[in-house]
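Working notes, structure below.
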Amino acid sequence: MARTTLPLTNTQIKNAKAKTKEYSLADGGGLALRIKPNGSRLWIFNYSKPFTKKRANMSFGMFPELSLAAARELSGEARRLLAKNVDPKQDKDQKAEKAAFADKLSLQLVAQEWLQVKRSEVSNEHAEDIRRSLEIHIFPRLGNVPIHLITAPKVIDTLRPVEAKGSLETVKRQCQRINEVMWFAVNSGLIDHNPLVSIKKTFMAPIKNNMPTIKPDQLPQLMCDLNKANIKLVTRCLIEWQLQTMVRPGEAAGSRWGEIDRETEVWHIPAERMKKKRAHKVPLSPQMIRLLDTIHPITGHREHIFCGDRNPRAPINKQTANMALKRMGYGGKLVAHGMRSLASTILNEHQFPSDIVEFALAHVDKNKTRDDYNKAEYLELRRKMMCWWSDYVQHAADGHLS
């Protein structure tokens, strides 16, 4: 007849006396309380290892710190793992090791690893902007917090002061960026889930404002103001270069002489300087070539076409064009990036194919499948369009637009 183990009671445990030799009080199901000669009481779980079937002991903790009810709960969890052929002691050790490892992985360390991967997708300039923004808004309070202890309330509390200042666009960007860090941690096996998925819903949404730009019929006045402006020649050429090439401010400011192919009359912008990490070619119109000829005597011996004022070995600041436009009276009316919108509007109004215009703007097709298969560069079609656009700008400058 099989021996039946009666469950322990709290009274039995409290009345159990220490003996000269260690002994155990069985509770059943592999759980027992081991009583040592010094009077200490340790909960032990005895089980048969999966596959090998060797007997093993696993300690749960001391009584009374760990109560009878809590010990039984741990015992039940261990038996559930064994039913799945999982060794409960190995599982406990692995979790402890993972927790110890996670404690060493701060949010800042994980964010740095994520940013190394992110750099392969965005321009160096954009990657630096991300790094600086995290250092300003996130790391001072949360940088040293272990990644597995990052919670929605902590991040929300960190960003509330930024929201209070009215910097809603900054809050939106920080929510996006720290979510990317957390998803990186999930996909790397550092944490089990991302607790920040919906934090942006706790903040006020920013009012979407398009980049300030002017209407097409205001282009002649812009060219007139640019011609009369009391600005340096390099700045004047930068503004017109960006207007005619339709590139982004950072891409224009970082232009290098080595990127210009005078033989084919094409400007080759490498992938690392582009926002979407995709190399871009700009067919050069005669007017663009003349712009280069104008500035060559000043910066032709340098690496950058538009050199910095204080440091000629570095490119001009990308905000230089914006500051010049502001001094010209276009503050709140036009920014350098808005010239891309102006060009797009005029080209579309004059019936140029939208695909060609979008390619000239270096926009990535939102249809990922079509974007992957469509590798056409439309170089000659874009050359005709860019020559037309330069002629249009020149006619505006000459006051000959109808």
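Numbering starts fresh at 1 for the residues of each chain in the structure tokens, the chains themselves are lettered A, B, ... in the order given, and ligands are numbered from 1 as they appear.
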Which of segment 23-154 of chain A fall in helix (DSSP H, G or I), as a PyMOL selection string: chain A and resi 68-83+88-104+107-118+124-137+139-142+147-149+152-154
Contacts between segment 284-291 of chain A and segment 197-241 of chain A, please, where a residue of segment 197-241 of chain A counts if it comes within 10 Å (with only C-alpha atoms); show its shortest atom pair and distance in Å to one decimal, rows by chain and ascending number, as CSV.
residue,atom,partner,partner_atom,distance
A:Cys237,CA,A:Leu291,CA,6.6
A:Leu238,CA,A:Leu291,CA,9.1
A:Glu240,CA,A:Leu291,CA,8.2
A:Trp241,CA,A:Met288,CA,6.9
10 Å contact set for Lys172 of chain A, only C-alpha atoms, chain neighbours under 3 positions out, as a list in words: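 The contact residues come out as Leu159, Glu163, Ser167, Leu168, Glu169, Cys175, Gln176, Arg177, Ile199, Lys200, Lys201, Phe203, Met204, Ala205 and Pro206 of chain A.
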Nearby residues (only C-alpha atoms) at most 12 Å from Pro312 of chain A, same-chain spacing under 5 positions excluded, as a list in words: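 So, after excluding close chain neighbours, the residues are Val234, Ile298, Thr299, Gly300, His301, Arg302, Glu303, His304, Ile305, Phe306, Cys307 and Asn317 of chain A.
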Could you tell me, as an mmCIF file with C-alpha atoms, in the first residue's frame, which residues of segment 167-367 of chain A DSSP assigns to strand (DSSP E or B) when given the backbone?
data_model
loop_
_atom_site.group_PDB
_atom_site.id
_atom_site.type_symbol
_atom_site.label_atom_id
_atom_site.label_comp_id
_atom_site.auth_asym_id
_atom_site.auth_seq_id
_atom_site.Cartn_x
_atom_site.Cartn_y
_atom_site.Cartn_z
ATOM 1 C CA ARG A 256 31.902 68.802 -51.950
ATOM 2 C CA ILE A 260 30.839 67.111 -58.959
ATOM 3 C CA ASP A 261 31.451 65.312 -62.265
ATOM 4 C CA VAL A 266 26.133 65.354 -62.633
ATOM 5 C CA TRP A 267 26.388 65.942 -58.883
ATOM 6 C CA HIS A 268 26.836 62.616 -57.083
ATOM 7 C CA ILE A 269 25.695 62.830 -53.447
ATOM 8 C CA HIS A 280 21.395 60.622 -55.178
ATOM 9 C CA LYS A 281 22.343 62.103 -58.540
ATOM 10 C CA VAL A 282 21.489 65.647 -59.548
ATOM 11 C CA PRO A 283 21.773 66.516 -63.272
ATOM 12 C CA HIS A 304 33.631 71.874 -49.532
ATOM 13 C CA CYS A 307 33.051 76.570 -46.694
ATOM 14 C CA PRO A 315 31.162 72.986 -44.511
#
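Take the candidates A:Ala78, A:Ile156, A:Ile231, A:Leu292 and check each one against Arg327 of chain A using only C-alpha atoms; the shortest distance goes to A:Ile231.
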Long-range neighbours of segment 16-30 of chain A as a PyMOL selection string, 6 Å cut-off, only C-alpha atoms, 5 positions minimum in chain: chain A and resi 5+7-8+35-37+39+45-46
Residue nearest Leu105 of chain A - candidates A:Lys54, A:Leu190, A:Asp93, A:Gly61, atoms counted: only C-alpha atoms: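 The closest residue to Leu105 of chain A is A:Leu190.
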Distance in Å - atom CA of Lys215 of chain A versus atom CA of Ser344 of chain A: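 Between atom CA of Lys215 of chain A and atom CA of Ser344 of chain A the gap works out to 11.3 Å.
Using only C-alpha atoms, the smallest distance between any of A:Asp309, A:Gln12, A:His137, A:Thr170 and Thr158 of chain A comes from A:His137.
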Neighbour list for Val247 of chain A as a PyMOL selection string, cut-off 9 Å, only C-alpha atoms, skip fewer than 2 positions in-chain: chain A and resi 241-245+249-252+282+337+340+360-362
Shell around Thr235 of chain A at 8 Å using only C-alpha atoms, local window under 6 positions removed, as a list in words: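 Everything that qualifies: Phe306, Thr320, Ala321 and Ala324 of chain A.
Atom pair atom CA of Gln116 of chain A / atom CA of Ser255 of chain A has a distance of 24.6 Å (rounded to one decimal).
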Pick from A:Ala229, A:Met58, A:Ile214, A:Ala279 nearest to Lys89 of chain A, counting only C-alpha atoms: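 Nearest candidate to Lys89 of chain A out of A:Ala229, A:Met58, A:Ile214, A:Ala279: A:Met58.
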Option closest in space to Ile295 of chain A, from A:Leu142, A:Met385, A:Val335, A:Leu233 [counting only C-alpha atoms]: A:Leu233
Distance in Å - atom CA of Lys384 of chain A versus atom CA of Trp257 of chain A: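 Interatomic distance, atom CA of Lys384 of chain A to atom CA of Trp257 of chain A: 23.2 Å.
Restricting the calculation to only C-alpha atoms, the smallest distance between Met246 of chain A and any of A:Asp103, A:Glu377, A:Asp217, A:Glu358 is found for A:Glu358.
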